[in-house]
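> Got a structure for you, upload_24.cif, holding mmCIF, C-alpha atoms.
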```cif
data_query
loop_
_atom_site.label_atom_id
_atom_site.label_comp_id
_atom_site.auth_asym_id
_atom_site.auth_seq_id
_atom_site.Cartn_x
_atom_site.Cartn_y
_atom_site.Cartn_z
CA MET B 1 25.09 21.61 9.67
CA PRO B 2 24.10 24.69 7.68
CA PHE B 3 21.54 26.96 9.20
CA TRP B 4 18.94 26.49 6.49
CA ILE B 5 18.81 22.74 7.02
CA GLU B 6 18.35 23.28 10.74
CA ALA B 7 15.55 25.73 10.02
CA LEU B 8 13.88 23.29 7.64
CA VAL B 9 14.18 20.43 10.15
CA SER B 10 12.63 22.60 12.87
CA LEU B 11 9.84 23.66 10.55
CA PHE B 12 8.87 20.08 9.76
CA LEU B 13 9.16 19.06 13.43
CA VAL B 14 6.83 21.86 14.49
CA LEU B 15 4.42 21.06 11.67
CA GLY B 16 4.35 17.37 12.57
CA SER B 17 3.87 18.08 16.26
CA LEU B 18 1.08 20.50 15.45
CA PHE B 19 -0.86 17.82 13.61
CA ALA B 20 -0.24 15.30 16.37
CA LEU B 21 -1.59 17.87 18.82
CA ILE B 22 -4.66 18.45 16.67
CA GLY B 23 -5.23 14.70 16.64
CA ALA B 24 -5.11 14.63 20.44
CA ILE B 25 -7.48 17.59 20.68
CA GLY B 26 -9.85 15.82 18.32
CA LEU B 27 -9.77 12.70 20.45
CA TYR B 28 -10.82 14.83 23.40
CA ARG B 29 -13.37 17.07 21.73
CA LEU B 30 -15.31 15.02 19.19
CA PRO B 31 -18.74 13.82 20.35
CA ASP B 32 -18.85 10.02 19.91
CA PHE B 33 -16.63 7.01 19.41
CA TYR B 34 -16.89 6.94 15.64
CA THR B 35 -16.00 10.58 15.13
CA ARG B 36 -13.20 10.26 17.65
CA LEU B 37 -11.78 7.45 15.61
CA HIS B 38 -11.00 9.92 12.84
CA ALA B 39 -8.74 12.23 14.78
CA PRO B 40 -5.85 9.98 15.87
CA THR B 41 -5.74 7.87 12.70
CA LYS B 42 -5.53 10.97 10.60
CA ALA B 43 -3.12 12.93 12.73
CA THR B 44 -0.62 10.11 12.54
CA THR B 45 -0.39 10.29 8.78
CA LEU B 46 0.52 13.96 8.60
CA GLY B 47 1.96 14.30 12.11
CA VAL B 48 4.34 11.41 11.74
CA GLY B 49 4.88 12.37 8.11
CA GLY B 50 6.23 15.76 9.17
CA MET B 51 8.54 14.19 11.75
CA VAL B 52 9.75 11.58 9.27
CA ILE B 53 10.69 14.27 6.75
CA ALA B 54 12.45 16.22 9.50
CA SER B 55 14.39 13.13 10.53
CA MET B 56 15.41 12.36 6.96
CA LEU B 57 16.65 15.91 6.43
CA PHE B 58 18.52 15.84 9.73
CA PHE B 59 20.37 12.60 9.02
CA ALA B 60 21.02 13.56 5.40
CA GLY B 61 23.01 16.52 6.74
CA ARG B 62 25.05 14.36 9.17
CA PRO B 63 28.24 12.44 8.56
CA GLU B 64 26.52 9.06 9.17
CA GLY B 65 24.56 9.68 6.00
CA PRO B 66 20.88 9.26 5.31
CA SER B 67 19.02 6.35 6.85
CA LEU B 68 16.25 4.33 5.30
CA HIS B 69 14.40 3.64 8.53
CA GLU B 70 12.09 6.58 7.92
CA LEU B 71 10.75 5.04 4.73
CA LEU B 72 10.05 1.80 6.60
CA LEU B 73 8.31 3.73 9.35
CA THR B 74 6.03 5.32 6.79
CA LEU B 75 5.32 1.96 5.21
CA PHE B 76 4.48 0.24 8.49
CA LEU B 77 2.36 3.17 9.58
CA PHE B 78 0.40 3.15 6.34
CA ILE B 79 -0.24 -0.54 6.72
CA SER B 80 -1.15 -0.58 10.39
CA ALA B 81 -3.12 2.66 10.85
CA PRO B 82 -6.06 1.85 8.56
CA VAL B 83 -6.23 -1.76 9.70
CA SER B 84 -6.40 -0.83 13.37
CA ALA B 85 -8.96 1.89 12.66
CA HIS B 86 -11.08 -0.61 10.77
CA MET B 87 -10.86 -3.17 13.56
CA LEU B 88 -11.80 -0.59 16.20
CA ALA B 89 -14.77 0.56 14.13
CA ARG B 90 -15.95 -3.01 13.62
CA ALA B 91 -15.66 -3.76 17.31
CA ALA B 92 -17.63 -0.62 18.11
CA LEU B 93 -20.36 -1.62 15.64
CA ARG B 94 -20.63 -5.09 17.12
CA ARG B 95 -20.95 -3.66 20.61
CA ARG B 96 -23.55 -1.17 19.34
CA LEU B 97 -21.84 1.81 20.90
CA PRO B 98 -24.06 4.90 21.00
CA VAL B 99 -23.94 7.09 17.94
CA ASN B 100 -23.99 10.86 18.04
CA GLY B 101 -27.53 12.18 17.46
CA ARG B 102 -26.59 14.24 14.43
CA THR B 103 -25.24 11.26 12.54
CA ARG B 104 -27.13 10.46 9.38
CA GLY B 105 -27.51 7.00 8.00
CA LYS B 106 -27.48 4.01 10.30
CA PRO B 107 -24.88 1.40 11.11
CA TRP B 108 -25.66 -2.23 10.38
CA MET W 20 -3.40 -24.40 -4.00
CA SER W 21 -2.46 -27.96 -4.80
CA GLY W 22 0.97 -29.37 -4.19
CA PHE W 23 3.77 -27.92 -2.15
CA ARG W 24 5.72 -25.03 -3.59
CA TRP W 25 9.09 -24.29 -2.09
CA LEU W 26 9.04 -20.70 -3.22
CA ALA W 27 5.61 -19.75 -1.98
CA HIS W 28 5.57 -16.17 -3.13
CA PRO W 29 8.53 -14.79 -5.16
CA THR W 30 7.37 -11.15 -5.08
CA LEU W 31 6.91 -11.24 -1.34
CA THR W 32 10.34 -12.82 -0.93
CA LEU W 33 11.90 -9.93 -2.81
CA LEU W 34 9.90 -7.36 -0.85
CA LEU W 35 10.79 -8.87 2.53
CA THR W 36 14.46 -9.01 1.58
CA VAL W 37 14.44 -5.33 0.65
CA ILE W 38 12.63 -4.48 3.89
CA TRP W 39 15.19 -6.45 5.89
CA LEU W 40 18.07 -4.63 4.22
CA MET W 41 16.42 -1.30 4.94
CA LEU W 42 15.87 -2.34 8.53
CA ALA W 43 19.52 -3.31 8.92
CA ASN W 44 20.50 -0.11 7.11
CA THR W 45 23.51 -1.86 5.56
CA PHE W 46 23.91 -3.74 2.33
CA GLY W 47 26.46 -6.30 3.46
CA PHE W 48 26.50 -9.81 2.05
CA GLY W 49 25.58 -11.37 5.41
CA HIS W 50 22.48 -9.25 5.72
CA LEU W 51 21.51 -10.03 2.16
CA LEU W 52 21.67 -13.75 2.95
CA LEU W 53 19.72 -13.31 6.17
CA GLY W 54 17.14 -11.19 4.35
CA LEU W 55 16.74 -13.80 1.63
CA LEU W 56 16.35 -16.52 4.26
CA LEU W 57 13.63 -14.53 6.04
CA GLY W 58 12.00 -13.60 2.76
CA TRP W 59 11.87 -17.25 1.84
CA ALA W 60 10.75 -18.62 5.21
CA ILE W 61 8.06 -16.09 6.14
CA PRO W 62 5.85 -16.53 3.05
CA LEU W 63 6.25 -20.28 3.44
CA LEU W 64 5.09 -20.20 7.05
CA CYS W 65 2.05 -18.03 6.42
CA ARG W 66 1.15 -19.13 2.91
CA ASP W 67 -2.29 -20.25 4.06
CA PHE W 68 -3.20 -16.71 5.02
CA LEU W 69 -1.98 -14.97 1.90
CA ILE W 70 -4.49 -13.96 -0.71
CA ALA W 71 -3.43 -13.93 -4.32
CA MET W 72 -2.53 -10.55 -5.68
CA PRO W 73 -3.88 -9.82 -9.14
CA ARG W 74 -1.39 -8.69 -11.76
CA VAL W 75 -0.81 -5.00 -12.17
CA ARG W 76 -1.78 -4.22 -15.73
CA ARG W 77 -0.87 -0.57 -15.75
CA PRO W 78 2.13 0.20 -13.54
CA PHE W 79 2.40 3.79 -14.72
CA ARG W 80 -1.20 4.49 -13.80
CA LEU W 81 -0.49 2.88 -10.40
CA GLY W 82 2.33 5.37 -9.79
CA LEU W 83 0.05 8.29 -10.63
CA PHE W 84 -2.65 6.84 -8.40
CA VAL W 85 -0.27 6.59 -5.43
CA LEU W 86 0.73 10.23 -5.88
CA GLN W 87 -2.90 11.25 -6.09
CA VAL W 88 -3.70 9.37 -2.86
CA PHE W 89 -0.84 11.15 -1.10
CA ALA W 90 -2.13 14.51 -2.32
CA ASP W 91 -5.62 13.60 -1.11
CA ILE W 92 -4.28 12.63 2.30
CA LEU W 93 -2.56 16.01 2.57
CA VAL W 94 -5.56 18.08 1.54
CA ALA W 95 -8.06 16.10 3.60
CA ASN W 96 -5.81 16.27 6.67
CA LEU W 97 -6.10 20.04 6.63
CA HIS W 98 -9.86 19.71 6.27
CA VAL W 99 -10.09 17.40 9.31
CA ALA W 100 -7.82 19.71 11.31
CA ARG W 101 -10.21 22.58 10.62
CA LEU W 102 -13.22 20.46 11.62
CA VAL W 103 -11.57 19.33 14.85
CA LEU W 104 -10.72 22.86 15.90
CA GLY W 105 -13.96 24.42 14.70
CA PRO W 106 -17.33 24.41 16.48
CA GLU W 107 -18.95 21.05 16.98
CA ALA W 108 -22.14 22.15 15.25
CA ARG W 109 -20.30 22.24 11.97
CA LEU W 110 -19.81 18.47 11.93
CA ASN W 111 -22.02 16.35 9.72
CA PRO W 112 -21.13 12.79 10.69
CA ALA W 113 -22.79 10.05 8.68
CA PHE W 114 -22.77 6.34 8.02
CA VAL W 115 -22.71 5.80 4.29
CA GLU W 116 -23.11 2.56 2.39
CA VAL W 117 -21.03 2.26 -0.74
CA PRO W 118 -21.83 -0.57 -3.13
CA MET W 119 -18.65 -1.99 -4.63
CA ALA W 120 -18.01 -3.01 -8.20
CA ILE W 121 -14.67 -4.61 -7.30
CA GLU W 122 -14.72 -8.39 -7.07
CA ASP W 123 -11.16 -9.24 -6.21
CA GLU W 124 -10.40 -9.71 -2.51
CA PHE W 125 -7.01 -8.08 -2.67
CA VAL W 126 -8.18 -4.96 -4.49
CA LEU W 127 -11.14 -4.68 -2.13
CA ALA W 128 -8.79 -4.74 0.85
CA LEU W 129 -6.62 -2.12 -0.84
CA LEU W 130 -9.58 0.16 -1.42
CA THR W 131 -10.75 -0.26 2.17
CA ASN W 132 -7.32 0.76 3.41
CA ILE W 133 -7.10 3.78 1.13
CA ILE W 134 -10.49 4.98 2.33
CA SER W 135 -9.38 4.71 5.95
CA LEU W 136 -6.13 6.52 5.20
CA THR W 137 -7.74 9.50 3.56
CA PRO W 138 -8.92 11.64 6.44
CA GLY W 139 -12.59 12.24 7.01
CA THR W 140 -13.64 8.69 6.18
CA VAL W 141 -13.10 5.43 8.01
CA SER W 142 -14.23 2.14 6.58
CA ALA W 143 -16.25 0.63 9.39
CA ASP W 144 -17.42 -2.65 7.97
CA LEU W 145 -17.30 -4.66 4.81
CA ASP W 146 -20.06 -6.98 3.76
CA VAL W 147 -18.38 -9.38 1.39
CA GLU W 148 -21.61 -11.12 0.41
CA ARG W 149 -23.42 -7.97 -0.59
CA ARG W 150 -20.21 -6.26 -1.74
CA THR W 151 -21.04 -3.21 0.28
CA LEU W 152 -18.71 -1.06 2.28
CA LEU W 153 -19.94 0.80 5.34
CA LEU W 154 -18.14 4.10 5.77
CA HIS W 155 -18.21 6.50 8.62
CA ALA W 156 -17.60 10.04 7.46
CA LEU W 157 -16.72 12.89 9.77
CA ASP W 158 -18.26 15.52 7.55
CA ALA W 159 -20.65 14.42 4.83
CA PRO W 160 -23.38 16.96 4.22
CA ASP W 161 -24.34 15.01 1.10
CA PRO W 162 -23.86 11.23 1.41
CA ALA W 163 -24.71 10.61 -2.26
CA ARG W 164 -21.87 12.87 -3.32
CA LEU W 165 -19.44 11.05 -1.04
CA VAL W 166 -20.39 7.73 -2.64
CA ALA W 167 -19.87 9.17 -6.11
CA GLU W 168 -16.55 10.68 -5.02
CA VAL W 169 -15.23 7.39 -3.62
CA LYS W 170 -16.25 5.56 -6.77
CA ARG W 171 -14.76 8.13 -9.11
CA ARG W 172 -11.51 8.87 -7.28
CA TYR W 173 -10.54 5.43 -5.99
CA GLU W 174 -12.63 2.60 -7.31
CA THR W 175 -12.45 3.41 -11.01
CA PRO W 176 -8.66 3.87 -11.07
CA LEU W 177 -8.16 0.65 -9.08
CA LEU W 178 -10.35 -1.25 -11.50
CA GLU W 179 -8.35 0.20 -14.37
CA ILE W 180 -5.01 -0.63 -12.81
CA PHE W 181 -5.81 -4.23 -12.00
CA GLN W 182 -8.41 -4.60 -14.72
CA CYS W 183 -10.45 -7.14 -12.90
CA SER W 184 -13.81 -7.31 -14.60
CA PRO W 185 -16.44 -5.18 -12.89
CA THR W 186 -19.71 -6.95 -12.24
#
```
Rewrite the coordinates I just gave you, this time as structure tokens.


Amino acid sequence: MPFWIEALVSLFLVLGSLFALIGAIGLYRLPDFYTRLHAPTKATTLGVGGMVIASMLFFAGRPEGPSLHELLLTLFLFISAPVSAHMLARAALRRRLPVNGRTRGKPW
Amino acid sequence: MSGFRWLAHPTLTLLLTVIWLMLANTFGFGHLLLGLLLGWAIPLLCRDFLIAMPRVRRPFRLGLFVLQVFADILVANLHVARLVLGPEARLNPAFVEVPMAIEDEFVLALLTNIISLTPGTVSADLDVERRTLLLHALDAPDPARLVAEVKRRYETPLLEIFQCSPT
């Protein structure tokens, strides 16, 4: 594999991991349930996106040829991430979980 | 739906077949048959749960819209990353109610998903009766602007693409 592909793959891997890490930090740092919900759902889109691109580049440069699994991964992720976030938020609303004091507007 | 249709959902059959072939990562005849079988059986088994998809009137506009959503996801991800790493005092979380002009169930679900995918906003609840969407935003210093933004960036294009009559 040429060096520049390896470099590109590493770059995307690091970028993806970085966003996954930021998502984890957000989950730890943000003040209440609703704000915490943002961090992991978001990090997956760009974090996994970076890793998916890295994986596609890696397998494109290998004798087995490119694989289409990465596209499916993206599709499934884009279907499941918002739905699970929505369900979690709804459950939290029904249970009337405490809201951070700085939040404006009120939940139903 | 009255009567029994053997091909419950032709588009879905095609889509499931393609997904199966991608999953198998080969394009052999056997897998094609298996994919077609699955694509035929799955919509038939869950046809009571499927909601009708309105026809896409402007496919080209749909393509542009998808690209725009991807760009938005990218930009807003960076914004959320900065918020997460920055001081907590900089957050302006808010619950925002967005009244919807979209009537169709499918398009409404699509819009809800897009809003959750674009970082910084999560759709928390949907009141179908009142056609109002409850959003939770991570950083919304001006809720009225967020409502206008959602309507302009996502709702209007979706209405154009599917051209279901706005109320």

> Between CA of Leu57 (chain B) and CA of Leu75 (chain B), what is the distance, to one decimal in Å?

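According to the coordinates, CA of Leu57 (chain B) and CA of Leu75 (chain B) are separated by 18.0 Å.
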
> Sorted by chain and rising residue number, list the residues of chain W at most 8 Å from chain B (counting all atoms listed in the file), each with its closest atom pair and distance in Å to one decimal, as CSV.


```
residue,atom,partner,partner_atom,distance
W:Ile38,CA,B:Leu72,CA,7.3
W:Met41,CA,B:Leu68,CA,5.6
W:Leu42,CA,B:His69,CA,6.2
W:Asn44,CA,B:Leu68,CA,6.4
W:Ile92,CA,B:Thr45,CA,7.9
W:Leu93,CA,B:Leu46,CA,7.1
W:Asn96,CA,B:Lys42,CA,6.6
W:Val99,CA,B:Ala39,CA,7.6
W:Ala100,CA,B:Ile22,CA,6.3
W:Val103,CA,B:Gly26,CA,5.2
W:Leu104,CA,B:Gly26,CA,7.5
W:Glu107,CA,B:Leu30,CA,7.4
W:Asn111,CA,B:Thr103,CA,6.7
W:Pro112,CA,B:Thr103,CA,4.8
W:Ala113,CA,B:Arg104,CA,4.4
W:Phe114,CA,B:Gly105,CA,4.8
W:Val115,CA,B:Gly105,CA,6.2
W:Asn132,CA,B:Pro82,CA,5.4
W:Ile133,CA,B:Pro82,CA,7.7
W:Ser135,CA,B:Pro82,CA,5.1
W:Leu136,CA,B:Pro82,CA,5.8
W:Thr137,CA,B:Lys42,CA,7.5
W:Pro138,CA,B:Lys42,CA,5.4
W:Gly139,CA,B:His38,CA,6.5
W:Thr140,CA,B:His38,CA,7.3
W:Val141,CA,B:His38,CA,6.9
W:Ser142,CA,B:His86,CA,5.9
W:Ala143,CA,B:Ala89,CA,5.0
W:Asp144,CA,B:Arg90,CA,5.8
W:Leu153,CA,B:Pro107,CA,7.6
W:His155,CA,B:Tyr34,CA,7.2
W:Ala156,CA,B:Thr35,CA,7.9
W:Leu157,CA,B:Thr35,CA,5.9
```

> Could you name the residues that touch Glu124 (chain W) at 12 Å or less, counting only C-alpha atoms, but leaving out those on the same chain fewer than 6 positions away, as number ranges by chain?

W: 69-73, 130-131, 145-148, 150, 181, 183

> Determine the nearest neighbour of Ser55 (chain B) from the options B:Thr74, B:Pro2, B:Arg95, B:Phe12, counting only C-alpha atoms.

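Smallest separation from Ser55 (chain B) among the options: B:Phe12.
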
> Could you tell me how far CA of Phe33 (chain B) lies from CA of Arg96 (chain B), in Å and to one decimal?

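Computing it gives 10.7 Å between the two atoms.
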
> Would you work out the distance separating CA of Val169 (chain W) from CA of Pro106 (chain W), expressed in Å to one decimal?

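So the answer is 26.4 Å.
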
> Spell out the residues picked by the PyMOL selection byres ((chain W and resi 66) around 12) here, as a list in words.

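Applying the expression gives Met20, Phe23, Arg24, Trp25, Leu26, Ala27, His28, Pro29, Leu31, Thr32, Trp59, Ala60, Ile61, Pro62, Leu63, Leu64, Cys65, Asp67, Phe68, Leu69, Ile70 and Ala71 of chain W.
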
> May I have the residues from that selection written out with C-alpha atoms, as a tab-separated table (two decimals), in the frame of the given file?


```tsv
chain	number	residue	atom	x	y	z
W	20	MET	CA	-3.40	-24.40	-4.00
W	23	PHE	CA	3.77	-27.92	-2.15
W	24	ARG	CA	5.72	-25.03	-3.59
W	25	TRP	CA	9.09	-24.29	-2.09
W	26	LEU	CA	9.04	-20.70	-3.22
W	27	ALA	CA	5.61	-19.75	-1.98
W	28	HIS	CA	5.57	-16.17	-3.13
W	29	PRO	CA	8.53	-14.79	-5.16
W	31	LEU	CA	6.91	-11.24	-1.34
W	32	THR	CA	10.34	-12.82	-0.93
W	59	TRP	CA	11.87	-17.25	1.84
W	60	ALA	CA	10.75	-18.62	5.21
W	61	ILE	CA	8.06	-16.09	6.14
W	62	PRO	CA	5.85	-16.53	3.05
W	63	LEU	CA	6.25	-20.28	3.44
W	64	LEU	CA	5.09	-20.20	7.05
W	65	CYS	CA	2.05	-18.03	6.42
W	67	ASP	CA	-2.29	-20.25	4.06
W	68	PHE	CA	-3.20	-16.71	5.02
W	69	LEU	CA	-1.98	-14.97	1.90
W	70	ILE	CA	-4.49	-13.96	-0.71
W	71	ALA	CA	-3.43	-13.93	-4.32
```

> Once the PyMOL selection byres ((chain W and resi 119) around 6) has been applied to the shown file, what residues remain in the selection, as a VMD selection string?

chain W and resid 118 120 to 121 150 to 151

> Counting all atoms listed in the file, what is within 12 Å of Phe84 (chain W), bar same-chain residues fewer than 3 positions away, as a list of chain:residue names?

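Non-adjacent residues within range: W:Arg77, W:Pro78, W:Phe79, W:Arg80, W:Leu81, W:Gln87, W:Val88, W:Phe89, W:Ala90, W:Asp91, W:Leu130, W:Ile133, W:Arg172, W:Tyr173, W:Glu174, W:Thr175, W:Pro176, W:Leu177, W:Leu178, W:Glu179, W:Ile180.
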
> Take region 60-78 of chain W, bring it up to N, CA and C atoms, and give me the output as a PDB file, in the coordinates of the input.


```pdb
ATOM      1  N   ALA W  60      11.412 -17.845   4.163  1.00  0.00           N
ATOM      2  CA  ALA W  60      10.750 -18.620   5.210  1.00  0.00           C
ATOM      3  C   ALA W  60       9.386 -18.024   5.593  1.00  0.00           C
ATOM      4  N   ILE W  61       9.298 -16.701   5.650  1.00  0.00           N
ATOM      5  CA  ILE W  61       8.060 -16.090   6.140  1.00  0.00           C
ATOM      6  C   ILE W  61       6.860 -16.384   5.224  1.00  0.00           C
ATOM      7  N   PRO W  62       6.990 -16.185   3.901  1.00  0.00           N
ATOM      8  CA  PRO W  62       5.850 -16.530   3.050  1.00  0.00           C
ATOM      9  C   PRO W  62       5.488 -18.020   3.127  1.00  0.00           C
ATOM     10  N   LEU W  63       6.495 -18.850   3.362  1.00  0.00           N
ATOM     11  CA  LEU W  63       6.250 -20.280   3.440  1.00  0.00           C
ATOM     12  C   LEU W  63       5.434 -20.619   4.690  1.00  0.00           C
ATOM     13  N   LEU W  64       5.777 -19.924   5.784  1.00  0.00           N
ATOM     14  CA  LEU W  64       5.090 -20.200   7.050  1.00  0.00           C
ATOM     15  C   LEU W  64       3.655 -19.696   7.032  1.00  0.00           C
ATOM     16  N   CYS W  65       3.409 -18.575   6.350  1.00  0.00           N
ATOM     17  CA  CYS W  65       2.050 -18.030   6.420  1.00  0.00           C
ATOM     18  C   CYS W  65       1.389 -18.099   5.055  1.00  0.00           C
ATOM     19  N   ARG W  66       1.708 -19.095   4.257  1.00  0.00           N
ATOM     20  CA  ARG W  66       1.150 -19.130   2.910  1.00  0.00           C
ATOM     21  C   ARG W  66      -0.347 -19.408   2.914  1.00  0.00           C
ATOM     22  N   ASP W  67      -0.854 -19.982   4.014  1.00  0.00           N
ATOM     23  CA  ASP W  67      -2.290 -20.250   4.060  1.00  0.00           C
ATOM     24  C   ASP W  67      -3.113 -18.986   4.277  1.00  0.00           C
ATOM     25  N   PHE W  68      -2.450 -17.939   4.755  1.00  0.00           N
ATOM     26  CA  PHE W  68      -3.200 -16.710   5.020  1.00  0.00           C
ATOM     27  C   PHE W  68      -3.109 -15.720   3.873  1.00  0.00           C
ATOM     28  N   LEU W  69      -2.182 -15.937   2.976  1.00  0.00           N
ATOM     29  CA  LEU W  69      -1.980 -14.970   1.900  1.00  0.00           C
ATOM     30  C   LEU W  69      -3.089 -15.083   0.873  1.00  0.00           C
ATOM     31  N   ILE W  70      -3.542 -13.909   0.396  1.00  0.00           N
ATOM     32  CA  ILE W  70      -4.490 -13.960  -0.710  1.00  0.00           C
ATOM     33  C   ILE W  70      -3.744 -13.557  -1.970  1.00  0.00           C
ATOM     34  N   ALA W  71      -4.146 -14.154  -3.064  1.00  0.00           N
ATOM     35  CA  ALA W  71      -3.430 -13.930  -4.320  1.00  0.00           C
ATOM     36  C   ALA W  71      -3.599 -12.483  -4.773  1.00  0.00           C
ATOM     37  N   MET W  72      -2.490 -11.910  -5.188  1.00  0.00           N
ATOM     38  CA  MET W  72      -2.530 -10.550  -5.680  1.00  0.00           C
ATOM     39  C   MET W  72      -2.708 -10.570  -7.197  1.00  0.00           C
ATOM     40  N   PRO W  73      -3.698  -9.834  -7.689  1.00  0.00           N
ATOM     41  CA  PRO W  73      -3.880  -9.820  -9.140  1.00  0.00           C
ATOM     42  C   PRO W  73      -2.740  -9.059  -9.823  1.00  0.00           C
ATOM     43  N   ARG W  74      -2.502  -9.343 -11.068  1.00  0.00           N
ATOM     44  CA  ARG W  74      -1.390  -8.690 -11.760  1.00  0.00           C
ATOM     45  C   ARG W  74      -1.690  -7.227 -12.011  1.00  0.00           C
ATOM     46  N   VAL W  75      -0.659  -6.408 -11.853  1.00  0.00           N
ATOM     47  CA  VAL W  75      -0.810  -5.000 -12.170  1.00  0.00           C
ATOM     48  C   VAL W  75      -0.709  -4.832 -13.675  1.00  0.00           C
ATOM     49  N   ARG W  76      -1.789  -4.340 -14.269  1.00  0.00           N
ATOM     50  CA  ARG W  76      -1.780  -4.220 -15.730  1.00  0.00           C
ATOM     51  C   ARG W  76      -1.177  -2.899 -16.170  1.00  0.00           C
ATOM     52  N   ARG W  77      -1.351  -1.879 -15.329  1.00  0.00           N
ATOM     53  CA  ARG W  77      -0.870  -0.570 -15.750  1.00  0.00           C
ATOM     54  C   ARG W  77      -0.040   0.058 -14.651  1.00  0.00           C
ATOM     55  N   PRO W  78       1.255  -0.284 -14.613  1.00  0.00           N
ATOM     56  CA  PRO W  78       2.130   0.200 -13.540  1.00  0.00           C
ATOM     57  C   PRO W  78       2.256   1.717 -13.524  1.00  0.00           C
TER      58      PRO W  78
END
```
